[in-house]
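The file structure.tsv contains TSV, C-alpha atoms:
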```tsv
chain	number	residue	atom	x	y	z
Q	409	MET	CA	167.35	86.01	109.95
Q	410	GLY	CA	165.81	89.13	108.45
Q	411	LYS	CA	164.91	89.44	104.79
Q	412	ILE	CA	166.48	92.18	102.64
Q	413	VAL	CA	164.73	93.70	99.64
Q	414	LEU	CA	166.41	96.31	97.42
Q	415	ILE	CA	164.37	98.58	95.16
Q	416	THR	CA	166.21	100.74	92.65
Q	417	GLY	CA	165.39	102.97	89.71
Q	418	GLY	CA	165.89	106.46	88.39
Q	419	SER	CA	164.54	109.68	89.85
Q	420	ARG	CA	160.76	109.79	89.80
Q	421	SER	CA	160.60	106.21	88.51
Q	422	GLY	CA	158.02	105.18	91.12
Q	423	LYS	CA	160.43	103.22	93.30
Q	424	SER	CA	159.37	104.76	96.63
Q	425	ALA	CA	155.68	104.27	95.82
Q	426	PHE	CA	156.42	100.65	94.87
Q	427	ALA	CA	158.36	100.17	98.11
Q	428	GLU	CA	155.49	101.64	100.12
Q	429	GLU	CA	153.01	99.28	98.43
Q	430	TYR	CA	155.35	96.33	99.10
Q	431	ILE	CA	155.49	97.28	102.79
Q	432	LYS	CA	151.72	97.85	102.94
Q	433	THR	CA	151.18	94.19	102.03
Q	434	LEU	CA	153.16	93.26	105.14
Q	435	PHE	CA	151.33	95.89	107.20
Q	436	GLU	CA	147.99	94.36	106.15
Q	437	ARG	CA	149.19	91.07	107.65
Q	438	GLY	CA	149.62	92.83	110.99
Q	439	GLU	CA	153.30	93.68	110.90
Q	440	LYS	CA	154.42	96.82	112.72
Q	441	VAL	CA	156.10	99.17	110.23
Q	442	GLY	CA	159.12	101.40	110.75
Q	443	TYR	CA	160.09	104.05	108.22
Q	444	ILE	CA	163.72	105.18	108.24
Q	445	ALA	CA	164.01	108.62	106.65
Q	446	THR	CA	167.51	109.72	105.65
Q	447	SER	CA	166.77	113.10	104.08
Q	448	GLN	CA	167.45	116.45	105.65
Q	449	ILE	CA	165.40	119.51	104.78
Q	450	PHE	CA	167.62	122.34	103.60
Q	451	ASP	CA	165.30	124.05	101.11
Q	452	GLU	CA	161.69	124.32	99.93
Q	453	GLU	CA	162.12	121.72	97.20
Q	454	MET	CA	163.26	119.06	99.68
Q	455	LYS	CA	160.53	120.12	102.09
Q	456	PHE	CA	157.97	119.46	99.32
Q	457	ARG	CA	159.48	116.03	98.51
Q	458	VAL	CA	159.38	115.00	102.18
Q	459	LYS	CA	155.77	116.18	102.42
Q	460	LEU	CA	154.78	113.98	99.45
Q	461	HIS	CA	156.34	110.94	101.09
Q	462	GLN	CA	154.70	111.70	104.44
Q	463	GLU	CA	151.27	112.08	102.87
Q	464	ARG	CA	151.50	108.66	101.22
Q	465	ARG	CA	152.47	106.84	104.43
Q	466	PRO	CA	149.87	105.48	106.84
Q	467	ALA	CA	149.85	107.35	110.15
Q	468	ALA	CA	150.42	104.08	112.04
Q	469	TRP	CA	153.95	103.74	110.67
Q	470	THR	CA	156.71	104.84	113.04
Q	471	THR	CA	159.22	107.26	111.49
Q	472	TYR	CA	162.90	107.24	112.47
Q	473	GLU	CA	164.95	110.23	111.29
Q	474	ALA	CA	168.42	108.92	110.44
Q	475	PRO	CA	170.61	111.03	108.15
Q	476	TYR	CA	173.71	109.50	109.80
Q	477	ASP	CA	174.40	106.16	111.52
Q	478	ALA	CA	171.18	104.78	110.11
Q	479	HIS	CA	172.02	101.25	111.25
Q	480	MET	CA	171.24	102.44	114.76
Q	481	ALA	CA	167.75	103.55	113.68
Q	482	LEU	CA	167.23	100.18	111.99
Q	483	GLU	CA	168.30	98.41	115.19
Q	484	GLN	CA	165.99	100.66	117.24
Q	485	ALA	CA	163.02	99.99	114.95
Q	486	SER	CA	163.62	96.27	115.30
Q	487	LYS	CA	163.89	96.53	119.11
Q	488	GLU	CA	160.59	98.42	119.14
Q	489	GLY	CA	158.88	95.53	117.36
Q	490	CYS	CA	158.93	96.72	113.74
Q	491	THR	CA	158.99	93.61	111.56
Q	492	ALA	CA	158.58	95.58	108.33
Q	493	ILE	CA	161.07	98.42	107.81
Q	494	LEU	CA	161.24	100.79	104.86
Q	495	PHE	CA	164.59	102.57	104.43
Q	496	ASP	CA	164.34	105.55	102.07
Q	497	CYS	CA	166.93	106.03	100.74
Q	498	ILE	CA	170.47	104.69	100.37
Q	499	THR	CA	171.63	107.34	97.90
Q	500	ILE	CA	170.62	110.22	100.16
Q	501	TYR	CA	172.31	108.40	103.03
Q	502	MET	CA	175.53	108.12	100.97
Q	503	SER	CA	175.24	111.81	100.04
Q	504	ASN	CA	174.92	112.73	103.72
Q	505	LEU	CA	178.01	110.65	104.43
Q	506	LEU	CA	180.11	112.30	101.72
Q	507	CYS	CA	178.95	115.81	102.58
Q	508	SER	CA	179.89	115.29	106.23
Q	509	LEU	CA	183.56	114.65	105.38
Q	510	GLU	CA	186.17	117.39	105.69
Q	511	SER	CA	187.68	116.24	102.39
Q	512	ILE	CA	186.65	113.81	99.68
Q	513	ASP	CA	190.13	113.53	98.19
Q	514	ASP	CA	190.91	110.04	99.52
Q	515	SER	CA	188.67	107.77	97.43
Q	516	GLU	CA	190.00	104.59	99.03
Q	517	LYS	CA	189.09	105.92	102.49
Q	518	ASN	CA	185.68	107.09	101.22
Q	519	TYR	CA	184.90	103.69	99.69
Q	520	ALA	CA	185.93	101.92	102.91
Q	521	LEU	CA	183.74	104.23	104.98
Q	522	ALA	CA	180.74	103.69	102.68
Q	523	ASN	CA	181.32	99.94	102.66
Q	524	GLY	CA	181.44	99.93	106.46
Q	525	LYS	CA	178.15	101.84	106.68
Q	526	ILE	CA	176.45	99.50	104.19
Q	527	ASN	CA	177.75	96.45	106.06
Q	528	GLN	CA	176.32	97.86	109.30
Q	529	LEU	CA	172.93	98.25	107.59
Q	530	ILE	CA	173.07	94.71	106.19
Q	531	GLU	CA	173.97	93.31	109.60
Q	532	ALA	CA	171.16	95.24	111.32
Q	533	ALA	CA	168.66	94.09	108.68
Q	534	ARG	CA	169.76	90.47	108.93
Q	535	ASN	CA	169.53	90.64	112.74
Q	536	SER	CA	165.95	91.91	112.58
Q	537	LYS	CA	162.97	89.60	112.81
Q	538	GLY	CA	161.31	90.77	109.63
Q	539	THR	CA	161.76	92.41	106.26
Q	540	THR	CA	163.82	95.50	105.49
Q	541	VAL	CA	163.14	97.22	102.18
Q	542	PHE	CA	165.92	99.55	100.99
Q	543	VAL	CA	165.17	102.16	98.33
Q	544	THR	CA	168.01	103.55	96.24
Q	545	ASN	CA	168.60	105.49	93.05
Q	546	GLU	CA	170.35	104.16	89.98
Q	547	VAL	CA	172.75	107.04	89.32
Q	548	GLY	CA	175.27	105.46	86.94
Q	549	ALA	CA	173.29	105.50	83.71
Q	550	GLY	CA	174.26	109.04	82.69
Q	551	ILE	CA	177.42	110.76	81.62
Q	552	VAL	CA	180.55	110.95	83.77
Q	553	PRO	CA	180.17	114.09	85.93
Q	554	GLU	CA	182.72	116.85	85.46
Q	555	ASN	CA	183.48	117.51	89.13
Q	556	LYS	CA	185.17	115.36	91.77
Q	557	LEU	CA	182.34	115.37	94.34
Q	558	ALA	CA	179.74	114.28	91.76
Q	559	ARG	CA	182.02	111.49	90.45
Q	560	GLU	CA	182.79	110.31	93.98
Q	561	TYR	CA	179.07	110.31	94.83
Q	562	ARG	CA	178.15	108.43	91.65
Q	563	ASP	CA	180.84	105.82	92.28
Q	564	ILE	CA	180.01	105.31	95.95
Q	565	ALA	CA	176.27	105.15	95.27
Q	566	GLY	CA	176.87	102.56	92.55
Q	567	LEU	CA	179.09	100.47	94.80
Q	568	ALA	CA	176.61	100.73	97.70
Q	569	ASN	CA	173.87	99.47	95.37
Q	570	GLN	CA	176.06	96.55	94.27
Q	571	TRP	CA	176.96	95.64	97.86
Q	572	LEU	CA	173.30	95.67	98.88
Q	573	ALA	CA	172.09	93.84	95.78
Q	574	LYS	CA	174.56	91.03	96.39
Q	575	GLU	CA	173.14	90.46	99.88
Q	576	ALA	CA	169.48	91.10	99.04
Q	577	ASP	CA	166.94	88.31	98.84
Q	578	GLU	CA	164.95	90.27	96.25
Q	579	VAL	CA	166.02	93.14	93.96
Q	580	TYR	CA	163.51	95.19	91.97
Q	581	PHE	CA	164.18	97.73	89.24
Q	582	VAL	CA	161.40	100.27	88.77
Q	583	VAL	CA	160.92	102.34	85.63
Q	584	CYS	CA	157.78	104.30	84.65
Q	585	GLY	CA	156.10	102.91	87.78
Q	586	ILE	CA	156.58	99.31	86.62
Q	587	SER	CA	158.75	96.92	88.61
Q	588	VAL	CA	160.92	94.05	87.44
Q	589	ASN	CA	162.30	91.46	89.86
Q	590	LEU	CA	165.98	91.36	88.83
Q	591	LYS	CA	166.98	88.41	91.02
Q	592	GLU	CA	164.16	86.37	89.55
Q	593	ILE	CA	165.38	86.88	85.98
Q	594	SER	CA	169.11	86.91	86.78
Q	595	ASN	CA	171.46	83.97	86.37
Q	596	LYS	CA	172.86	84.64	89.85
```

How would this structure read if it were set down as structure tokens?
Amino acid sequence: MGKIVLITGGSRSGKSAFAEEYIKTLFERGEKVGYIATSQIFDEEMKFRVKLHQERRPAAWTTYEAPYDAHMALEQASKEGCTAILFDCITIYMSNLLCSLESIDDSEKNYALANGKINQLIEAARNSKGTTVFVTNEVGAGIVPENKLAREYRDIAGLANQWLAKEADEVYFVVCGISVNLKEISNK
């Protein structure tokens, strides 16, 4: 059964760099690494962010572009022998999901869809022969957004994080580039 690690934190907290270092320790032991990228490049700012991530990754890692149905990319990476998989990131994946809908008005339907997608990812990670590290953003620490799409996104991202954290073997919170193992200090 595959191991699940969840790494969360705010924007520019250092969570992706921490996740990459976590995966590099597995890579140094000889594991084949898969990198599941969920972002889509729509503007220069996102192009720059993707470039930064690409420059930090070793060339030997195999990249799987998966803005939608990412569980299939995770399954493919596992089939191709990747025993260390870095999934970056859940919140962009949830954003892609919401932005692909014709309407966001049915919150119950949206939550069920997001839950189904997260469950597919959990199942694919558990069925792998290695470790899957999921990166996500903590988006619920600010004010309640004024528009429906932003509230729906915040709520779904928060729920997705909770669903993953419940199933994860390890959960890290990263702030200012420093990580804390939440499961280690939690009563759960």

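Minimum atom-to-atom distance to Ile431 of chain Q, evaluated using all atoms listed in the file, belongs to Q:Val413 out of Q:Ala549, Q:Ala478, Q:Val413, Q:Leu509.
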
Counting all atoms listed in the file, the residue of Q:Gly410, Q:Gly418, Q:Tyr430, Q:Ile526 that sits nearest Gly550 of chain Q: Q:Gly418

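Compared by their closest atoms to Asp577 of chain Q, and using all atoms listed in the file, the residues Q:Ala558, Q:Ala425, Q:Ile530, Q:Ala467 rank with Q:Ile530 nearest.
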
Trp469 of chain Q environment, 10 Å, all atoms listed in the file, sequence neighbours closer than 6 positions dropped, as a PyMOL selection string: chain Q and resi 432+435+440-443+490+492-494

Given all atoms listed in the file as the counted atoms, nearest of Q:Glu483, Q:Glu436, Q:Glu560, Q:Asp451 to Lys517 of chain Q: Q:Glu560

Pick from Q:Ile449, Q:Lys556, Q:Ile586, Q:Phe581, whichever lies nearest to Asp514 of chain Q using only C-alpha atoms: Q:Lys556

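The point (155.9, 105.5, 91.0) has these residues within 9 Å of it when only C-alpha atoms are used: Q:Arg420, Q:Ser421, Q:Gly422, Q:Lys423, Q:Ser424, Q:Ala425, Q:Phe426, Q:Val582, Q:Val583, Q:Cys584, Q:Gly585, Q:Ile586.
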
Shortest interatomic distance to Phe542 of chain Q - which of Q:Asp563, Q:Glu452, Q:Glu516, Q:Asp496, counting only C-alpha atoms: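 Nearest to Phe542 of chain Q: Q:Asp496.
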
Separation of atom CA of Arg534 of chain Q from atom CA of Pro466 of chain Q, in Å and rounded to one decimal: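 About the pair atom CA of Arg534 of chain Q and atom CA of Pro466 of chain Q: they are 25.0 Å apart.
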
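With atom CA of Thr470 of chain Q on one side and atom CA of Ala445 of chain Q on the other, the separation reads 10.4 Å.
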
Met409 of chain Q surroundings by all atoms listed in the file, 12 Å radius, close-in-sequence under 6 positions cut, as a list in words: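 With the cut-off at 12 Å, the set is Thr491, Ile530, Glu531, Ala532, Ala533, Arg534, Asn535, Ser536, Lys537, Gly538, Thr539, Thr540 and Asp577 of chain Q.
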
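Interatomic distance, atom CA of Trp571 of chain Q against atom CA of Asn527 of chain Q: 8.3 Å.
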
Segment 467-489 of chain Q from the block above: C-alpha atoms written as a compact mmCIF listing (two decimals), in the first residue's frame:
```
# COMPACT_ATOMS: atom_id res chain seq x y z
CA ALA Q 467 16.07 16.56 -15.14
CA ALA Q 468 15.69 12.84 -14.35
CA TRP Q 469 12.20 13.34 -12.93
CA THR Q 470 9.36 12.47 -15.31
CA THR Q 471 6.71 15.19 -15.63
CA TYR Q 472 3.03 14.36 -16.17
CA GLU Q 473 0.80 17.28 -17.16
CA ALA Q 474 -2.57 16.72 -15.50
CA PRO Q 475 -4.88 19.72 -15.08
CA TYR Q 476 -7.88 17.34 -15.15
CA ASP Q 477 -8.37 13.67 -14.18
CA ALA Q 478 -5.05 13.72 -12.37
CA HIS Q 479 -5.66 10.30 -10.84
CA MET Q 480 -4.99 8.88 -14.29
CA ALA Q 481 -1.58 10.58 -14.39
CA LEU Q 482 -0.83 9.22 -10.92
CA GLU Q 483 -1.79 5.72 -12.09
CA GLN Q 484 0.35 6.14 -15.22
CA ALA Q 485 3.37 7.30 -13.21
CA SER Q 486 3.01 4.26 -10.98
CA LYS Q 487 2.70 1.92 -13.99
CA GLU Q 488 5.87 3.45 -15.42
CA GLY Q 489 7.78 2.55 -12.25
```
